[in-house]
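The block underneath contains the structure these notes are about, expressed in structure tokens.
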Protein chains: 2
Amino acid sequence: MDRETASRTDDHQALRLWLRLLTCSQLIEREVRARLGRRFATTLPRFDLMSQLWRYPDGLKMNELSRHLMVTGGNVTGIVDLLEKDGLVERTPEPADRRAYRVRLTRAGRKTFAEMARVHEGWIVEMLAGLSRKEQTDTYRLLARMKRVTMEAGT
Amino acid sequence: MDRETASRTDDHQALRLWLRLLTCSQLIEREVRARLGRRFATTLPRFDLMSQLWRYPDGLKMNELSRHLMVTGGNVTGIVDLLEKDGLVERTPEPADRRAYRVRLTRAGRKTFAEMARVHEGWIVEMLAGLSRKEQTDTYRLLARMKRVTMEAGT
DNA sequence: CTGAGTTACTTTAGACCTGATCTATTCAGG
DNA sequence: CCTGAATAGATCAGGTCTAAAGTAACTCAG
């Protein structure tokens, strides 16, 4: 019995769609968090941050990380602090602007993340393996529509 | 530029689907959280908890709340504490079991929630208004599949 | 009836997240 | 130059969440 099941009876279409979306998202996210903790003793926010740095080998400034991850700056500070303490990322000074840092993966960070990303993708593939290729692309396309209309509505 | 856009290039199908699902979910959730704060000076967890109690006028025990909301017991304790302090819910003793409480909405809680739920559904309808009725039901059905296969894979 | 195991809830430590505020630096006009 | 606005980042308070440990009450075999 979860939130969604408990409320199906008399709600309306858009609301039901939203609750189901939330349920799916939480099911996967919860599992990924648990596995990241068990297998790699890390967390989803840390994984996400490292994933961004992985795509930008020259590093990113704090505010760029903040935009990419869609979280506040104060939050990025905290996560980078923790990753830095573990030696997975480093803050290097930005010569052009003494206020700014450039955050990048260390050698150890790259090694660690490469392995994590490989295993992580396997988890997702496994969790969604029950969906046919067509179901996956159909869902992907419909969620593209949802993403678009939601972003437009939010403006 | 968000997480998903930043990573589209060379990822595989299931992973892309998951990232898009996460993006959609976060877009809506973020907006709902912001509006709940601005309009009602409350938070999504508090709203969710009250929403469960709304459906069970006789109240729920703490562990039932925990199961419905899919969060840990310690978390429920904290949220109920805050709602109780605001006079929106009350803990009443459970005669049959002196370890347990029965949590229910107070009169003020019912009044407050009724208004919040009405406005909240309006927000969701508005945010998803760009989707046709068919798109909504198609997405709903595909997410039902995803929910099912994900829960089965998680077992 | 008793004590070992279970269950209901709370507490705690630690991570996460936001919004607001602070410090230091940069930049744009005058 | 000099000053005020804007920007980069850090810090803080408060709420959220988990896992683990703690307390009290219940259950039921022996």
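Going through the structure tokens in order, the chains are called A, B, and so on, while each chain numbers its residues from 1 and the ligands are numbered from 1 in the order shown.
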
### Message
Quick check: residues of chain C within 10 Å of chain A, only C-alpha atoms (C1' of nucleotides), returned as a VMD selection string.
### Response
chain C and resid 15 to 19 24 to 26

So that I have them on file, write out the residues from the current selection with C-alpha atoms (C1' of nucleotides), as a CSV table (one decimal), in the first residue's frame.
```
chain,number,residue,atom,x,y,z
C,15,DA,C1',23.8,13.8,5.0
C,16,DC,C1',20.9,16.8,2.1
C,17,DC,C1',18.5,20.9,0.7
C,18,DT,C1',16.7,25.7,0.7
C,19,DG,C1',16.4,30.6,1.4
C,24,DA,C1',35.4,39.1,-1.0
C,25,DT,C1',36.0,40.3,-5.6
C,26,DT,C1',34.8,42.2,-10.0
```

### Message
Would you mind listing, as an NGL selection string, all residues of chain B that have at least one atom within 7 Å of chain A, where only C-alpha atoms are what counts?
### Response
:B and (1-3 or 14-15 or 17 or 20-22 or 24-25 or 67-70 or 121 or 124-125 or 127-128 or 130-131 or 136 or 139-140 or 142-143 or 146-147 or 149-150 or 153)

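In this structure, atom C1' of DA19 of chain D sits 29.4 Å away from atom CA of Glu90 of chain A.
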
Using only C-alpha atoms (C1' of nucleotides), find the residues of chain D whose closest atom to chain B is at most 9 Å away, then write them as an mmCIF file with C-alpha atoms (C1' of nucleotides), in the first residue's frame.
```cif
data_model
loop_
_atom_site.group_PDB
_atom_site.id
_atom_site.type_symbol
_atom_site.label_atom_id
_atom_site.label_comp_id
_atom_site.auth_asym_id
_atom_site.auth_seq_id
_atom_site.Cartn_x
_atom_site.Cartn_y
_atom_site.Cartn_z
ATOM 1 C "C1'" DG D 15 13.188 21.346 7.728
ATOM 2 C "C1'" DT D 16 13.683 16.541 5.611
ATOM 3 C "C1'" DC D 17 15.331 11.950 5.387
ATOM 4 C "C1'" DT D 18 17.782 7.538 6.722
ATOM 5 C "C1'" DA D 24 8.383 0.621 26.443
ATOM 6 C "C1'" DA D 25 4.735 -2.564 25.688
ATOM 7 C "C1'" DC D 26 2.953 -6.745 23.750
#
```

## Note on the structure
re atom CA of Thr92 of chain A and atom CA of Glu115 of chain A: distance 24.4 Å

### Task
Apply DSSP to the backbone of this structure and, from segment 20-147 of chain B, keep only the residues in helix (DSSP H, G or I); write these as number ranges by chain.
B: 20-40, 44-55, 62-69, 73-85, 107-127, 133-147
